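I have placed the structure first, in the form of C-alpha cells, so that the comments after it can refer back to it.
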Amino acid sequence: MKRLLVLAAAATALFANAQTYPGSKPISIVVPFAAGGPTDRVARDLAEAMRKALPGSNFVVENVNGAGGTIGATKVAKASPDGHTLLLFHIGMAATPALYRKLQYKPLEDFEYLGLVNEVPMTLIGKPQLPANTYRDFENYIKANSGKLNIAHAGLGSASHLCGLMWQSAINAKEAMTTIPFGGTGPAMNALVGGQVDLMCDQTTNTTGQIEAGRVKAFAVTTAKPLSKHKLLKDYPSLQEMGLKGFDLTIWHGLYAPKGTPPAILVQLNTALKAALKDADFVKKQEGLGAIVVTDKRMEPAAHKAFVAGEIAKLKPVIEAAKQFAD
C-alpha cells in the first residue's frame, strides 16, 4: 500500500508539472561530448531556437563527455521524466548498441523520441598523391593494390569509423586495407593531407574545406542521391549511384527525453522543436556547419524512432562482423 501511495504521489507530481511546464526550472540539453565540438554547436543553436518557441522557458546545455557518448546518454535515461533533462545525440545513438556490448540503456526502450534535427552528408576522400581521379578509377586502384592500402578514422564510434566500416563492407574490401585509428578528426585528416594514410570517409563539416583547397581528393558522397544543390560537391556521384545498392549514410542528430515523460510535455517539446527547425537563424547556422535541417516526417516522434531502429539494424551487423568493439 505504501508503494502504491508513493507511485500515486509521483504520478500526481508529474501531472502537475505537465500543467505548468516549463515553469521556472531550466531545461537541460545534455550533450554527451566535450564543449566546442559539432554536436555541442548544434545543441547551443537548438537551445536558443527552442527557447524562442517555448514561452517562459530557459534552456541550458550540459556537456557530459566520455565513453563514446554513453555516459551522457545513460544520465538522461536515468533522469527524472519531467521534461527538464533532454539528450541531443548523433548517429552514436544507433551505433552504441553494437559498439558497447554492456550498454546501460536500451536506445529504443529507455527514451521518448522527440524528433530528428539535422543531417550531415559524408564524403569519401583520398590523399592528394593517389593516381585515381574518379570513383571508378579508385575502386580499380584498390583492387590492384589489395593489402597495400590503409584507411584512417578518428576513433571507435566516430563518424569516419562508421562510414569506413560501412563502405569497406559494401565493396567487400575489409581485407584489402589496414584500418588506422587516430585520436580525433584533426590528426586523422593531417595524416591524410600529409600522405601518411591513403583514404578516409568523413562528414562534409570536416572535408569540404580540404577538398576546396585541393589538399585531398574527393571521390563520392554517401547520401542516396548526389548533392545536386551543394556548391562544391554537386558533381560528385553518390556511392549508391556507383553501384553500392542501398548505401545511404549521414551523420544525424536527434532529440530525446527520458522514458515516462508525460505526453502533454512531449507534445510541447515536439511543437517547440518543429518551430525551431523552421527558425531562419537556426537554419542559417546549420547550413554554416554543413548540415541539412530535417523537414520531413522524421520531425515527428514515431518516424524519428522508426528511423533510428533502421539505423541500428544497418550498423549492427557491420560492426559485429568487423569485431571492432569499444568495450
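Just remember, in the C-alpha cells the first chain shown is A, the second B, etc., residues are 1-based per chain, and ligands are 1-based in the order shown.
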
Contacts of A:Ala309 at 9 Å or less, counting only C-alpha atoms, minus same-chain residues fewer than 3 places along, as a CSV table (one decimal) with N, CA and C atoms, in the first residue's frame?
```
chain,number,residue,atom,x,y,z
A,94,ALA,N,22.5,5.1,-32.6
A,94,ALA,CA,22.3,3.8,-33.3
A,94,ALA,C,23.5,2.9,-33.3
A,107,PRO,N,18.5,2.0,-26.4
A,107,PRO,CA,18.0,3.2,-27.1
A,107,PRO,C,16.6,3.2,-27.5
A,108,LEU,N,16.0,2.0,-27.9
A,108,LEU,CA,14.6,2.0,-28.3
A,108,LEU,C,13.6,1.9,-27.2
A,304,HIS,N,10.8,9.4,-36.2
A,304,HIS,CA,12.2,9.5,-35.7
A,304,HIS,C,12.6,8.2,-35.1
A,305,LYS,N,11.7,7.6,-34.3
A,305,LYS,CA,12.1,6.3,-33.7
A,305,LYS,C,12.2,5.2,-34.7
A,306,ALA,N,11.4,5.2,-35.7
A,306,ALA,CA,11.5,4.1,-36.8
A,306,ALA,C,12.8,4.3,-37.6
A,312,ILE,N,20.0,1.3,-36.5
A,312,ILE,CA,20.6,0.3,-35.6
A,312,ILE,C,20.7,-1.0,-36.4
A,313,ALA,N,19.7,-1.4,-37.1
A,313,ALA,CA,19.7,-2.6,-37.9
A,313,ALA,C,20.7,-2.6,-39.0
A,314,LYS,N,21.0,-1.4,-39.5
A,314,LYS,CA,22.0,-1.2,-40.6
A,314,LYS,C,23.4,-1.3,-40.1
```

Please identify every residue of stretch 14-87 of chain A that has at least one atom no farther than 10 Å from an atom of stretch 97-103 of chain A, counting only C-alpha atoms, and for each give the shortest atom pair and the distance in Å to one decimal, arranged by chain then increasing number, as CSV.
```
residue,atom,partner,partner_atom,distance
A:Ala67,CA,A:Tyr100,CA,9.2
A:Gly68,CA,A:Leu99,CA,9.2
A:Thr70,CA,A:Leu103,CA,7.7
A:Ile71,CA,A:Leu103,CA,9.8
A:Thr74,CA,A:Leu103,CA,8.7
```

Selected residues written out with C-alpha atoms, as a PDB file, in the first residue's frame:
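part07.pdb, freshly written:
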```pdb
ATOM      1  CA  ALA A  67      32.758   6.565 -23.416  1.00  0.00           C
ATOM      2  CA  GLY A  68      31.621   7.471 -26.901  1.00  0.00           C
ATOM      3  CA  THR A  70      27.243   6.609 -23.490  1.00  0.00           C
ATOM      4  CA  ILE A  71      27.858   8.363 -20.144  1.00  0.00           C
ATOM      5  CA  THR A  74      22.907   6.977 -19.515  1.00  0.00           C
TER       6      THR A  74
END
```

Could you find all residues in stretch 25-274 of chain A that DSSP calls strand (DSSP E) from the backbone, and write them as a PyMOL selection string? chain A and resi 27-31+59-63+85-89+111-120+122-126+149-153+177-181+199-203+217-221+251-258

Which of these residues is nearest to A:Val283, using only C-alpha atoms: A:Val117, A:Lys323, A:Arg51, A:Ala257?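 Ranking A:Val117, A:Lys323, A:Arg51, A:Ala257 by distance to A:Val283, first place goes to A:Val117.
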
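With only C-alpha atoms as the atoms that count, the residue of A:Thr179, A:Ser160, A:Asn118, A:Ser169 with the shortest distance to A:Val42 is A:Asn118.
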
Find the residues around stretch 192-200 of chain A up to 6 Å (only C-alpha atoms counted), leave out those fewer than 6 positions away in its own chain, and share them as a list in words.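 Residues near the query, excluding close chain neighbours: Ile125, Gly126, Lys127, Asn150, Ile151, Ala152 and Arg215 of chain A.
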
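Residues of stretch 130-168 of chain A carrying a DSSP assignment of helix (DSSP H, G or I), computed from the backbone, are Tyr135, Arg136, Asp137, Phe138, Glu139, Asn140, Tyr141, Ile142, Lys143, Ala144, Ala159, Ser160, His161, Leu162, Cys163, Gly164, Leu165, Met166, Trp167 and Gln168 of chain A.
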
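Residue neighbourhood of stretch 54-64 of chain A, excluding near-sequence residues (fewer than 4 positions): Pro22, Pro26, Ile27, Ser28, Ile29, Val30, Val31, Pro32, Phe33, Ala34, Ala35, Ala43, Arg44, Ala47, Met50, Ile71, Gly72 and Ala272 of chain A, at 7 Å, using only C-alpha atoms.
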
A:Phe247 surroundings by only C-alpha atoms, 7 Å radius, close-in-sequence under 4 positions cut, as a ChimeraX atom specification: /A:222,224,239-240

Could you name the residues that touch A:Ile171 at 12 Å or less, counting only C-alpha atoms, but leaving out those on the same chain fewer than 2 positions away, as a ChimeraX atom specification? /A:136,138-140,142-143,164-169,173-177,239-240,242-245,247

Using only C-alpha atoms, which residues sit within 6 Å of A:Glu119 once same-chain residues fewer than 5 positions away are excluded, as number ranges by chain? A: 250-252, 291-292
